[in-house]
$ cat model23.cif   # mmCIF, C-alpha atoms
data_input
loop_
_atom_site.label_atom_id
_atom_site.label_comp_id
_atom_site.auth_asym_id
_atom_site.auth_seq_id
_atom_site.Cartn_x
_atom_site.Cartn_y
_atom_site.Cartn_z
CA MET A 1 7.50 36.18 -5.22
CA ILE A 2 5.26 38.31 -7.47
CA ASP A 3 7.76 38.26 -10.36
CA ARG A 4 7.97 34.45 -10.07
CA ILE A 5 4.18 34.18 -10.29
CA PHE A 6 4.10 36.46 -13.37
CA THR A 7 6.92 34.54 -15.05
CA LEU A 8 5.12 31.28 -14.41
CA ALA A 9 1.81 32.71 -15.59
CA ARG A 10 3.50 33.80 -18.85
CA ARG A 11 4.67 30.20 -19.37
CA PHE A 12 1.09 29.03 -19.31
CA THR A 13 0.25 31.28 -22.25
CA LYS A 14 2.56 29.11 -24.41
CA PRO A 15 1.39 25.71 -25.72
CA MET A 16 1.84 22.72 -23.45
CA PRO A 17 4.75 20.41 -24.35
CA ARG A 18 3.88 17.68 -26.84
CA VAL A 19 3.92 14.22 -25.31
CA GLY A 20 4.38 10.76 -26.85
CA VAL A 21 5.59 12.00 -30.23
CA THR A 22 8.15 9.39 -31.31
CA PRO A 23 6.84 8.20 -34.71
CA ALA A 24 5.11 4.83 -34.54
CA THR A 25 2.80 2.60 -36.56
CA VAL A 26 -0.14 0.68 -35.11
CA VAL A 27 0.59 -2.95 -36.00
CA HIS A 28 -2.23 -4.60 -34.08
CA ALA A 29 -5.51 -3.43 -32.58
CA GLU A 30 -7.89 -5.51 -30.45
CA ASN A 31 -10.73 -4.33 -28.25
CA LYS A 32 -9.35 -1.01 -26.88
CA TRP A 33 -5.63 -1.83 -26.92
CA ARG A 34 -3.13 -1.30 -29.71
CA LEU A 35 0.42 -2.39 -30.33
CA LEU A 36 2.69 0.43 -31.45
CA HIS A 37 5.84 -0.25 -33.45
CA TYR A 38 8.22 2.69 -33.30
CA ASP A 39 9.94 3.64 -36.55
CA ARG A 40 13.42 2.17 -36.72
CA ARG A 41 16.42 4.48 -36.91
CA PRO A 42 17.49 5.24 -40.50
CA GLN A 43 20.89 3.54 -40.18
CA GLY A 44 19.25 0.19 -39.33
CA LEU A 45 18.91 -1.97 -36.27
CA ALA A 46 21.85 -2.78 -34.02
CA HIS A 47 19.91 -5.50 -32.16
CA LYS A 48 17.66 -8.12 -33.74
CA THR A 49 15.56 -9.11 -30.73
CA PRO A 50 12.59 -6.76 -30.42
CA VAL A 51 11.76 -5.03 -27.15
CA VAL A 52 8.11 -5.06 -26.05
CA LEU A 53 7.13 -2.47 -23.46
CA VAL A 54 4.16 -3.26 -21.21
CA PRO A 55 3.02 -0.14 -19.35
CA SER A 56 0.65 -0.02 -16.41
CA LEU A 57 -3.04 -0.51 -17.16
CA ILE A 58 -4.12 2.62 -15.36
CA ASN A 59 -1.66 5.12 -16.84
CA ARG A 60 -0.99 6.13 -20.41
CA HIS A 61 1.82 4.36 -22.20
CA TYR A 62 3.56 7.61 -23.18
CA VAL A 63 5.30 7.94 -19.83
CA LEU A 64 7.93 5.82 -21.60
CA ASP A 65 7.90 8.29 -24.51
CA LEU A 66 7.32 11.47 -22.56
CA MET A 67 8.74 14.19 -24.79
CA PRO A 68 11.64 14.67 -27.20
CA GLU A 69 14.97 14.29 -25.38
CA LYS A 70 13.15 12.93 -22.33
CA SER A 71 11.88 9.78 -23.93
CA PHE A 72 13.07 6.27 -23.11
CA VAL A 73 11.54 5.02 -26.36
CA GLU A 74 13.28 7.69 -28.48
CA TRP A 75 16.56 6.85 -26.77
CA LEU A 76 16.13 3.09 -27.34
CA VAL A 77 15.33 3.61 -31.01
CA ALA A 78 18.45 5.76 -31.36
CA GLN A 79 20.50 2.90 -29.85
CA GLY A 80 19.29 0.59 -32.62
CA HIS A 81 16.61 -1.36 -30.72
CA ASP A 82 13.39 -2.48 -32.40
CA VAL A 83 10.79 -1.11 -29.99
CA TYR A 84 7.13 -2.00 -29.53
CA CYS A 85 4.78 -0.66 -26.87
CA ILE A 86 1.30 -1.61 -25.78
CA ASP A 87 -1.16 1.27 -25.60
CA TRP A 88 -3.98 -0.06 -23.42
CA GLY A 89 -6.41 2.60 -24.65
CA THR A 90 -9.46 3.68 -22.71
CA PRO A 91 -11.81 0.99 -21.41
CA THR A 92 -15.50 1.66 -21.93
CA ASP A 93 -18.47 0.35 -19.96
CA GLU A 94 -18.51 -3.14 -21.49
CA ASP A 95 -14.89 -3.67 -20.45
CA ARG A 96 -16.04 -4.18 -16.87
CA PHE A 97 -15.99 -7.89 -17.81
CA VAL A 98 -12.38 -7.91 -19.08
CA THR A 99 -10.47 -10.27 -16.82
CA PHE A 100 -6.88 -10.47 -15.64
CA GLU A 101 -6.63 -13.58 -17.82
CA ASP A 102 -7.71 -11.65 -20.93
CA ILE A 103 -4.98 -9.10 -20.30
CA ALA A 104 -2.05 -11.13 -18.91
CA ASP A 105 -2.50 -14.15 -21.15
CA ARG A 106 -4.35 -13.26 -24.34
CA TYR A 107 -3.49 -9.59 -24.92
CA ILE A 108 0.14 -9.61 -23.79
CA GLY A 109 0.70 -12.93 -25.54
CA ARG A 110 -0.69 -11.54 -28.78
CA ALA A 111 1.44 -8.39 -28.47
CA ILE A 112 4.64 -10.40 -27.99
CA ARG A 113 3.83 -12.80 -30.83
CA ALA A 114 2.90 -9.93 -33.15
CA ALA A 115 6.18 -8.15 -32.36
CA CYS A 116 8.19 -11.34 -32.96
CA LYS A 117 6.42 -12.04 -36.24
CA ARG A 118 6.91 -8.50 -37.53
CA SER A 119 10.56 -8.44 -36.51
CA GLY A 120 11.27 -11.95 -37.74
CA ALA A 121 12.43 -13.05 -34.30
CA GLN A 122 11.56 -16.07 -32.18
CA LYS A 123 11.57 -14.19 -28.90
CA ALA A 124 11.30 -10.66 -27.54
CA HIS A 125 12.71 -8.83 -24.55
CA VAL A 126 9.73 -7.86 -22.40
CA LEU A 127 9.78 -4.84 -20.12
CA GLY A 128 6.91 -4.28 -17.70
CA TYR A 129 6.50 -1.08 -15.77
CA CYS A 130 4.55 -1.01 -12.49
CA LEU A 131 1.34 -3.06 -12.89
CA GLY A 132 2.47 -3.78 -16.45
CA GLY A 133 5.41 -5.61 -14.88
CA THR A 134 3.11 -7.73 -12.72
CA LEU A 135 1.14 -8.66 -15.83
CA ALA A 136 4.32 -9.40 -17.82
CA LEU A 137 5.70 -11.53 -14.96
CA ILE A 138 2.50 -13.58 -14.80
CA HIS A 139 2.64 -14.01 -18.56
CA ALA A 140 6.27 -15.14 -18.46
CA ALA A 141 5.39 -17.69 -15.77
CA ILE A 142 2.70 -19.39 -17.85
CA ARG A 143 3.79 -18.66 -21.45
CA PRO A 144 7.59 -18.46 -21.53
CA GLN A 145 7.95 -19.54 -25.20
CA HIS A 146 8.51 -16.10 -26.73
CA VAL A 147 10.11 -14.27 -23.79
CA ALA A 148 13.84 -13.74 -24.33
CA SER A 149 14.22 -11.80 -21.09
CA LEU A 150 12.08 -10.04 -18.55
CA THR A 151 12.71 -6.58 -17.14
CA LEU A 152 10.56 -5.59 -14.18
CA LEU A 153 10.59 -1.86 -13.60
CA ALA A 154 9.15 -0.83 -10.20
CA THR A 155 6.88 -3.85 -10.33
CA PRO A 156 4.75 -4.86 -7.34
CA VAL A 157 4.99 -8.59 -6.64
CA GLY A 158 4.62 -8.83 -2.86
CA PHE A 159 1.63 -6.80 -1.75
CA HIS A 160 1.68 -7.07 2.03
CA ASP A 161 3.80 -4.11 2.98
CA ASP A 162 3.38 -1.18 5.28
CA GLY A 163 2.59 1.23 2.43
CA MET A 164 -0.56 3.27 2.27
CA LEU A 165 -1.95 1.45 -0.81
CA SER A 166 -1.44 -1.96 0.76
CA ARG A 167 -3.17 -0.87 3.97
CA TRP A 168 -6.04 0.82 2.17
CA THR A 169 -6.82 -2.16 -0.05
CA ARG A 170 -6.70 -4.49 2.94
CA THR A 171 -9.19 -2.38 4.89
CA ARG A 172 -11.94 -4.81 5.93
CA SER A 173 -14.79 -2.35 5.37
CA PHE A 174 -13.70 -1.72 1.74
CA ASP A 175 -15.86 -4.03 -0.41
CA THR A 176 -14.45 -4.44 -3.94
CA GLY A 177 -17.57 -6.35 -5.02
CA ALA A 178 -19.81 -3.41 -4.10
CA LEU A 179 -17.48 -1.01 -5.93
CA ILE A 180 -17.47 -3.08 -9.12
CA GLU A 181 -21.21 -3.73 -9.00
CA ALA A 182 -21.91 -0.02 -8.75
CA MET A 183 -19.27 1.44 -11.04
CA GLY A 184 -18.36 -1.31 -13.53
CA ASN A 185 -14.88 -0.05 -14.27
CA VAL A 186 -13.13 1.59 -11.33
CA PRO A 187 -13.06 5.32 -12.14
CA TRP A 188 -9.62 6.82 -12.51
CA GLN A 189 -10.69 9.70 -10.28
CA LEU A 190 -11.08 7.27 -7.38
CA MET A 191 -7.64 5.79 -7.96
CA GLN A 192 -6.13 9.24 -8.44
CA SER A 193 -7.49 10.35 -5.07
CA THR A 194 -5.96 7.25 -3.47
CA PHE A 195 -2.58 8.16 -4.96
CA GLN A 196 -2.98 11.70 -3.68
CA MET A 197 -3.51 10.29 -0.21
CA LEU A 198 0.05 8.96 -0.42
CA ARG A 199 1.33 12.52 0.02
CA PRO A 200 -1.46 15.05 0.47
CA THR A 201 1.01 17.96 0.54
CA MET A 202 2.31 17.07 -2.93
CA THR A 203 0.27 19.69 -4.80
CA ALA A 204 1.64 22.47 -2.60
CA ALA A 205 5.18 21.10 -2.95
CA LYS A 206 4.84 20.99 -6.73
CA THR A 207 3.58 24.57 -6.87
CA VAL A 208 6.53 25.81 -4.83
CA SER A 209 8.90 23.78 -6.97
CA MET A 210 7.47 25.40 -10.13
CA LEU A 211 7.77 28.86 -8.64
CA ASP A 212 11.31 28.12 -7.57
CA ARG A 213 12.36 27.34 -11.14
CA ALA A 214 9.99 29.71 -12.90
CA TRP A 215 12.79 30.86 -15.25
CA ASP A 216 13.98 27.38 -16.18
CA ASP A 217 12.03 26.61 -19.37
CA GLU A 218 13.55 23.15 -19.81
CA PHE A 219 12.57 22.16 -16.27
CA LEU A 220 9.07 23.57 -16.69
CA ASP A 221 8.52 21.78 -19.99
CA GLY A 222 9.51 18.46 -18.41
CA PHE A 223 7.43 19.21 -15.35
CA LEU A 224 4.35 20.10 -17.40
CA ALA A 225 4.76 17.05 -19.64
CA LEU A 226 4.85 14.85 -16.57
CA GLU A 227 1.83 16.64 -15.10
CA THR A 228 -0.03 16.18 -18.39
CA TRP A 229 0.67 12.47 -18.14
CA GLY A 230 -0.17 12.39 -14.42
CA GLN A 231 -3.64 13.85 -15.05
CA ASP A 232 -4.35 11.64 -18.07
CA ASN A 233 -5.39 8.44 -16.34
CA VAL A 234 -7.45 5.44 -17.31
CA SER A 235 -10.18 3.58 -15.45
CA PHE A 236 -9.48 0.01 -14.34
CA PRO A 237 -11.62 -2.78 -15.93
CA GLY A 238 -13.85 -4.01 -13.10
CA ALA A 239 -13.27 -7.77 -13.21
CA SER A 240 -9.50 -7.25 -13.42
CA TYR A 241 -9.56 -4.80 -10.54
CA ARG A 242 -11.35 -7.36 -8.40
CA THR A 243 -8.61 -9.93 -9.06
CA TYR A 244 -5.92 -7.35 -8.50
CA ILE A 245 -7.25 -6.25 -5.13
CA ASP A 246 -8.79 -9.44 -3.75
CA GLU A 247 -6.15 -11.92 -4.86
CA LEU A 248 -2.97 -9.94 -5.24
CA TYR A 249 -3.26 -7.18 -2.63
CA ARG A 250 -5.38 -8.98 -0.05
CA GLY A 251 -4.31 -12.57 -0.65
CA ASP A 252 -0.70 -11.77 -1.66
CA ALA A 253 -1.30 -14.73 -3.98
CA LEU A 254 1.74 -14.35 -6.25
CA VAL A 255 4.24 -14.56 -3.43
CA ASN A 256 2.25 -17.26 -1.65
CA ASP A 257 2.12 -19.35 -4.85
CA ARG A 258 -1.68 -19.41 -4.87
CA PHE A 259 -2.44 -17.24 -7.89
CA LYS A 260 -4.50 -18.71 -10.70
CA LEU A 261 -5.10 -17.28 -14.13
CA GLY A 262 -8.21 -19.01 -15.39
CA ALA A 263 -7.33 -22.70 -15.25
CA ASN A 264 -3.59 -22.07 -15.01
CA ALA A 265 -1.82 -21.98 -11.67
CA VAL A 266 0.85 -19.28 -11.78
CA HIS A 267 4.10 -20.33 -10.15
CA LEU A 268 6.82 -17.70 -10.14
CA SER A 269 9.29 -20.57 -9.88
CA GLU A 270 8.43 -21.28 -13.53
CA VAL A 271 10.14 -18.05 -14.61
CA ARG A 272 13.50 -19.16 -15.92
CA CYS A 273 14.40 -16.47 -18.45
CA PRO A 274 17.07 -13.82 -17.78
CA THR A 275 15.48 -11.26 -15.49
CA LEU A 276 16.38 -7.72 -14.48
CA VAL A 277 14.53 -6.25 -11.51
CA VAL A 278 14.72 -2.48 -11.06
CA THR A 279 13.71 -0.98 -7.72
CA PHE A 280 13.76 2.61 -6.47
CA GLU A 281 14.74 3.71 -3.01
CA ASN A 282 12.05 6.38 -2.59
CA ASP A 283 9.22 4.67 -4.44
CA ALA A 284 6.04 5.44 -2.46
CA ILE A 285 3.72 3.63 -4.89
CA VAL A 286 5.67 0.37 -5.04
CA PRO A 287 7.93 0.23 -1.96
CA TRP A 288 11.17 -1.43 -3.08
CA PRO A 289 10.85 -4.53 -0.86
CA SER A 290 7.55 -5.42 -2.56
CA ALA A 291 9.33 -5.29 -5.94
CA ALA A 292 12.57 -6.93 -4.81
CA VAL A 293 10.86 -10.03 -3.39
CA VAL A 294 10.55 -11.49 -6.90
CA MET A 295 14.30 -12.18 -6.83
CA GLU A 296 13.70 -14.91 -4.23
CA LYS A 297 10.75 -16.43 -6.05
CA ILE A 298 11.85 -16.92 -9.66
CA ALA A 299 14.05 -19.79 -10.83
CA SER A 300 16.12 -17.78 -13.34
CA ARG A 301 19.84 -18.34 -12.93
CA ASP A 302 20.57 -15.15 -14.80
CA LYS A 303 18.81 -12.63 -12.54
CA HIS A 304 19.97 -9.21 -11.44
CA ARG A 305 18.62 -6.43 -9.33
CA LEU A 306 19.35 -2.78 -9.93
CA HIS A 307 18.51 -0.55 -6.97
CA LEU A 308 18.53 3.17 -7.70
CA PRO A 309 17.74 6.37 -5.86
CA GLY A 310 14.57 8.21 -6.83
CA GLY A 311 10.84 7.69 -6.99
CA HIS A 312 8.36 5.67 -9.00
CA VAL A 313 8.14 7.97 -12.02
CA GLY A 314 10.91 10.56 -11.68
CA ALA A 315 13.63 7.92 -11.67
CA VAL A 316 12.36 6.52 -14.99
CA VAL A 317 12.01 9.78 -16.95
CA SER A 318 14.69 12.03 -15.46
CA LYS A 319 17.94 13.18 -17.06
CA LYS A 320 19.69 10.91 -14.58
CA ALA A 321 17.76 7.94 -15.98
CA ALA A 322 19.13 8.70 -19.45
CA LYS A 323 22.64 8.28 -18.07
CA GLY A 324 22.13 5.39 -15.66
CA LEU A 325 18.92 3.38 -15.86
CA TRP A 326 18.30 3.42 -19.62
CA PRO A 327 21.83 2.34 -20.63
CA ALA A 328 21.75 -0.38 -17.93
CA MET A 329 18.55 -1.85 -19.34
CA ALA A 330 19.74 -1.55 -22.94
CA LYS A 331 22.99 -3.31 -22.04
CA PHE A 332 21.06 -6.07 -20.30
CA TRP A 333 19.17 -6.72 -23.53
CA ALA A 334 22.16 -6.32 -25.82
CA ASP A 335 24.09 -8.91 -23.78
CA ARG A 336 21.20 -11.35 -24.09
CA GLU A 337 20.32 -11.34 -27.76
CA ALA A 338 17.99 -14.30 -28.38
CA MET B 1 15.98 36.74 -3.25
CA PHE B 2 16.64 36.11 0.43
CA GLY B 3 12.92 36.33 1.08
CA TRP B 4 12.19 33.54 -1.40
CA ASP B 5 15.04 31.34 -0.17
CA ALA B 6 13.93 31.71 3.43
CA PHE B 7 10.32 30.97 2.44
CA LYS B 8 11.40 27.88 0.54
CA GLN B 9 13.46 26.61 3.44
CA TYR B 10 10.54 27.02 5.86
CA PHE B 11 8.13 25.54 3.35
CA ASN B 12 10.29 22.45 2.81
CA ALA B 13 10.59 21.90 6.54
CA TRP B 14 6.83 22.33 6.96
CA GLU B 15 6.03 20.07 4.00
CA THR B 16 8.29 17.25 5.17
CA SER B 17 7.00 17.23 8.72
CA THR B 18 3.36 17.70 7.71
CA ALA B 19 3.56 14.93 5.11
CA LYS B 20 4.91 12.53 7.74
CA VAL B 21 2.14 13.36 10.21
CA VAL B 22 -0.61 13.21 7.58
CA GLU B 23 0.74 9.94 6.18
CA ALA B 24 0.76 8.33 9.62
CA TRP B 25 -2.78 9.59 10.18
CA MET B 26 -4.04 8.42 6.78
CA LYS B 27 -2.56 4.96 7.30
CA SER B 28 -4.37 4.56 10.58
CA PRO B 29 -7.29 2.11 10.74
CA LEU B 30 -9.16 4.90 12.52
CA VAL B 31 -9.24 6.73 9.17
CA LEU B 32 -9.18 3.84 6.69
CA GLU B 33 -11.99 1.75 8.20
CA PRO B 34 -14.60 4.56 8.24
CA ALA B 35 -13.45 5.67 4.76
CA GLY B 36 -13.90 2.09 3.48
CA ALA B 37 -17.30 1.79 5.16
CA TRP B 38 -18.43 5.13 3.70
CA LEU B 39 -17.30 4.18 0.20
CA THR B 40 -18.96 0.77 0.42
CA ALA B 41 -22.23 2.30 1.63
CA MET B 42 -22.20 4.80 -1.24
CA MET B 43 -21.53 2.06 -3.75
CA LYS B 44 -24.29 -0.19 -2.39
CA THR B 45 -26.72 2.73 -2.59
CA LYS B 46 -25.75 3.43 -6.19
CA ALA B 47 -26.00 -0.25 -7.11
CA ALA B 48 -29.47 -0.46 -5.55
CA ALA B 49 -30.61 2.64 -7.46
CA ASP B 50 -29.20 1.26 -10.73
CA LYS B 51 -30.91 -2.08 -10.10
CA GLY B 52 -34.24 -0.31 -9.59
CA ALA B 53 -33.82 1.65 -12.82
CA ALA B 54 -32.82 -1.51 -14.71
CA ALA B 55 -35.87 -3.35 -13.37
CA ALA B 56 -38.09 -0.53 -14.66
CA TRP B 57 -36.47 -0.77 -18.12
CA GLY B 58 -36.90 -4.53 -18.04
CA LEU B 59 -40.60 -4.22 -17.28
CA VAL B 60 -41.20 -2.39 -20.56
CA GLY B 61 -39.16 -4.99 -22.43
CA LEU B 62 -36.10 -2.82 -23.11
CA PRO B 63 -32.55 -4.09 -22.74
CA THR B 64 -30.77 -2.69 -19.71
CA LYS B 65 -27.37 -1.04 -19.70
CA ARG B 66 -25.91 -4.27 -18.29
CA ASP B 67 -27.47 -6.30 -21.12
CA GLN B 68 -25.82 -3.99 -23.66
CA GLU B 69 -22.49 -4.21 -21.84
CA ARG B 70 -22.68 -8.02 -21.87
CA THR B 71 -23.49 -8.06 -25.59
CA LEU B 72 -20.66 -5.69 -26.51
CA HIS B 73 -18.24 -7.65 -24.34
CA ALA B 74 -19.34 -10.88 -26.05
CA LEU B 75 -18.62 -9.26 -29.44
CA ASN B 76 -15.16 -8.25 -28.26
CA GLN B 77 -14.55 -11.79 -27.02
CA ILE B 78 -15.63 -13.20 -30.39
CA GLN B 79 -13.22 -10.82 -32.13
CA SER B 80 -10.40 -12.03 -29.88
CA ARG B 81 -11.30 -15.69 -30.43
CA LEU B 82 -11.25 -15.11 -34.20
CA MET B 83 -7.79 -13.61 -33.87
CA ASP B 84 -6.71 -16.66 -31.84
CA LEU B 85 -7.98 -18.92 -34.61
CA GLU B 86 -6.29 -16.86 -37.33
CA GLU B 87 -3.00 -17.19 -35.47
CA GLN B 88 -3.45 -20.94 -35.07
CA LEU B 89 -4.29 -21.33 -38.76
CA ALA B 90 -1.26 -19.30 -39.78
CA SER B 91 0.99 -21.39 -37.60
CA LEU B 92 -0.49 -24.67 -38.94
CA LYS B 93 0.00 -23.40 -42.50
CA SER B 94 3.62 -22.52 -41.91
CA GLU B 95 4.20 -25.92 -40.24
CA SER B 96 2.67 -27.77 -43.20
CA ASN B 97 4.78 -25.73 -45.64
CA GLN B 98 8.00 -26.77 -43.90
#
$ encode --input "model23.cif" --output "structure tokens"
Amino acid sequence: MIDRIFTLARRFTKPMPRVGVTPATVVHAENKWRLLHYDRRPQGLAHKTPVVLVPSLINRHYVLDLMPEKSFVEWLVAQGHDVYCIDWGTPTDEDRFVTFEDIADRYIGRAIRAACKRSGAQKAHVLGYCLGGTLALIHAAIRPQHVASLTLLATPVGFHDDGMLSRWTRTRSFDTGALIEAMGNVPWQLMQSTFQMLRPTMTAAKTVSMLDRAWDDEFLDGFLALETWGQDNVSFPGASYRTYIDELYRGDALVNDRFKLGANAVHLSEVRCPTLVVTFENDAIVPWPSAAVVMEKIASRDKHRLHLPGGHVGAVVSKKAAKGLWPAMAKFWADREA
Amino acid sequence: MFGWDAFKQYFNAWETSTAKVVEAWMKSPLVLEPAGAWLTAMMKTKAAADKGAAAAWGLVGLPTKRDQERTLHALNQIQSRLMDLEEQLASLKSESNQ
């Protein structure tokens, strides 16, 4: 045990792994968000239709570009895809007024149009991860013009499940209005503590796991990169949080066909583009039934569901993902060039 | 090595069973309702304190934090609207050129 602790302690004297390092150019910036365009591979593109990645609002975008050789973005670029990613940035106090409509309609719309314009394409493949998927789905329902296909990666759509997050947000004594009034943006620390409630023994389990593989540098680098990302969270713009909790979690408005984005009613039955839904068996954050329900709601004829083992994050960034999930998504796009 | 393997085995068994018990407990309304009530009470207290401080600022004619947030947000909205208009102009131009 002692030698494991010393070995691990020695690892912490080395620099932490570098995260999100695939070269990219900022091609659009608005309020706090930016659109990144990753440098194309030197031998040219193999696919014309650009891919726009929409990460969750409350986590950093670089989970999709974690570290060299463990990066979905790096892998996609190497396959000849033209890859863009939204970096939501860090909201500041005035962003308490940023609405769901601003994000799902204006910002995502601008990102997709900017990617299409830069790539000389009419449409883009859109991938949304977690809450980013919910936003991308809403966008595709009301503004389908530039969406070649939609990929929903561990995306919550039905919110009334038996999971901890669903139960917590539906607690009657929890007043979102009071929270927003007091805090403006919802602090990431509050959301982080809610996620920790999902498995309070997780920190102990992670420590033992690190000690167990104290000599495995590759494992530790990946582990530390993921921990770096896991601790680097973003606060949730207040007005958007209110919509997210009150309408989506409490009202389950997307599934019940009652969700409105400003003046626009959002009907999932308006989604007609090719759609790939990816769910994970052991996803504690988005239980797979709440992601899979979208299959019944959208009108796409070309819709597929990929159900894989693993959890919400691990299954997206693991070595296994590089052999199974990533090629499956890339093939989905390659087969559906706009 | 045996010592570590045995420890890990016991730890995994403990962690799995404990996580299940704690999860069931945390999901219970007996925990969630008081936690929600506590959080709401804290937030209402903070909001009341902030309101008092803002009122004091207002009395001496200074803009409050909320006023500044509204102004900055309005500027961001104007920036976005300008970008909307630029896009519309560009698309009209390209249509008229065709």
$ interface_residues --input "model23.cif" --of "chain A" --to "chain B" --cutoff "10 Å" --atoms "all atoms listed in the file" --output "PyMOL selection string"
chain A and resi 1+4+30-32+92-98+102+106-107+110+113-114+162-184+197-202+204-205+208-209+211-212
$ write_last_selection --input "model23.cif" --atoms "C-alpha atoms" --output "PDB file, in the coordinates of the input"
ATOM      1  CA  MET A   1       7.500  36.180  -5.220  1.00  0.00           C
ATOM      2  CA  ARG A   4       7.970  34.450 -10.070  1.00  0.00           C
ATOM      3  CA  GLU A  30      -7.890  -5.510 -30.450  1.00  0.00           C
ATOM      4  CA  ASN A  31     -10.730  -4.330 -28.250  1.00  0.00           C
ATOM      5  CA  LYS A  32      -9.350  -1.010 -26.880  1.00  0.00           C
ATOM      6  CA  THR A  92     -15.500   1.660 -21.930  1.00  0.00           C
ATOM      7  CA  ASP A  93     -18.470   0.350 -19.960  1.00  0.00           C
ATOM      8  CA  GLU A  94     -18.510  -3.140 -21.490  1.00  0.00           C
ATOM      9  CA  ASP A  95     -14.890  -3.670 -20.450  1.00  0.00           C
ATOM     10  CA  ARG A  96     -16.040  -4.180 -16.870  1.00  0.00           C
ATOM     11  CA  PHE A  97     -15.990  -7.890 -17.810  1.00  0.00           C
ATOM     12  CA  VAL A  98     -12.380  -7.910 -19.080  1.00  0.00           C
ATOM     13  CA  ASP A 102      -7.710 -11.650 -20.930  1.00  0.00           C
ATOM     14  CA  ARG A 106      -4.350 -13.260 -24.340  1.00  0.00           C
ATOM     15  CA  TYR A 107      -3.490  -9.590 -24.920  1.00  0.00           C
ATOM     16  CA  ARG A 110      -0.690 -11.540 -28.780  1.00  0.00           C
ATOM     17  CA  ARG A 113       3.830 -12.800 -30.830  1.00  0.00           C
ATOM     18  CA  ALA A 114       2.900  -9.930 -33.150  1.00  0.00           C
ATOM     19  CA  ASP A 162       3.380  -1.180   5.280  1.00  0.00           C
ATOM     20  CA  GLY A 163       2.590   1.230   2.430  1.00  0.00           C
ATOM     21  CA  MET A 164      -0.560   3.270   2.270  1.00  0.00           C
ATOM     22  CA  LEU A 165      -1.950   1.450  -0.810  1.00  0.00           C
ATOM     23  CA  SER A 166      -1.440  -1.960   0.760  1.00  0.00           C
ATOM     24  CA  ARG A 167      -3.170  -0.870   3.970  1.00  0.00           C
ATOM     25  CA  TRP A 168      -6.040   0.820   2.170  1.00  0.00           C
ATOM     26  CA  THR A 169      -6.820  -2.160  -0.050  1.00  0.00           C
ATOM     27  CA  ARG A 170      -6.700  -4.490   2.940  1.00  0.00           C
ATOM     28  CA  THR A 171      -9.190  -2.380   4.890  1.00  0.00           C
ATOM     29  CA  ARG A 172     -11.940  -4.810   5.930  1.00  0.00           C
ATOM     30  CA  SER A 173     -14.790  -2.350   5.370  1.00  0.00           C
ATOM     31  CA  PHE A 174     -13.700  -1.720   1.740  1.00  0.00           C
ATOM     32  CA  ASP A 175     -15.860  -4.030  -0.410  1.00  0.00           C
ATOM     33  CA  THR A 176     -14.450  -4.440  -3.940  1.00  0.00           C
ATOM     34  CA  GLY A 177     -17.570  -6.350  -5.020  1.00  0.00           C
ATOM     35  CA  ALA A 178     -19.810  -3.410  -4.100  1.00  0.00           C
ATOM     36  CA  LEU A 179     -17.480  -1.010  -5.930  1.00  0.00           C
ATOM     37  CA  ILE A 180     -17.470  -3.080  -9.120  1.00  0.00           C
ATOM     38  CA  GLU A 181     -21.210  -3.730  -9.000  1.00  0.00           C
ATOM     39  CA  ALA A 182     -21.910  -0.020  -8.750  1.00  0.00           C
ATOM     40  CA  MET A 183     -19.270   1.440 -11.040  1.00  0.00           C
ATOM     41  CA  GLY A 184     -18.360  -1.310 -13.530  1.00  0.00           C
ATOM     42  CA  MET A 197      -3.510  10.290  -0.210  1.00  0.00           C
ATOM     43  CA  LEU A 198       0.050   8.960  -0.420  1.00  0.00           C
ATOM     44  CA  ARG A 199       1.330  12.520   0.020  1.00  0.00           C
ATOM     45  CA  PRO A 200      -1.460  15.050   0.470  1.00  0.00           C
ATOM     46  CA  THR A 201       1.010  17.960   0.540  1.00  0.00           C
ATOM     47  CA  MET A 202       2.310  17.070  -2.930  1.00  0.00           C
ATOM     48  CA  ALA A 204       1.640  22.470  -2.600  1.00  0.00           C
ATOM     49  CA  ALA A 205       5.180  21.100  -2.950  1.00  0.00           C
ATOM     50  CA  VAL A 208       6.530  25.810  -4.830  1.00  0.00           C
ATOM     51  CA  SER A 209       8.900  23.780  -6.970  1.00  0.00           C
ATOM     52  CA  LEU A 211       7.770  28.860  -8.640  1.00  0.00           C
ATOM     53  CA  ASP A 212      11.310  28.120  -7.570  1.00  0.00           C
TER      54      ASP A 212
END
$ resolve_selection --input "model23.cif" --expression "the PyMOL selection byres ((chain A and resi 231) around 10)" --output "tab-separated table (two decimals) with C-alpha atoms, keeping the file's coordinate frame"
chain	number	residue	atom	x	y	z
A	59	ASN	CA	-1.66	5.12	-16.84
A	60	ARG	CA	-0.99	6.13	-20.41
A	188	TRP	CA	-9.62	6.82	-12.51
A	189	GLN	CA	-10.69	9.70	-10.28
A	192	GLN	CA	-6.13	9.24	-8.44
A	226	LEU	CA	4.85	14.85	-16.57
A	227	GLU	CA	1.83	16.64	-15.10
A	228	THR	CA	-0.03	16.18	-18.39
A	229	TRP	CA	0.67	12.47	-18.14
A	230	GLY	CA	-0.17	12.39	-14.42
A	232	ASP	CA	-4.35	11.64	-18.07
A	233	ASN	CA	-5.39	8.44	-16.34
A	234	VAL	CA	-7.45	5.44	-17.31
$ atom_distance --input "model23.cif" --atom1 "atom CA of Phe72 of chain A" --atom2 "atom CA of Leu153 of chain A"
12.8 Å
$ closest_residue --input "model23.cif" --among "A:Glu218, A:Asp82, A:Asp246, A:Asp335" --to "Pro17 of chain A" --atoms "all atoms listed in the file"
A:Glu218
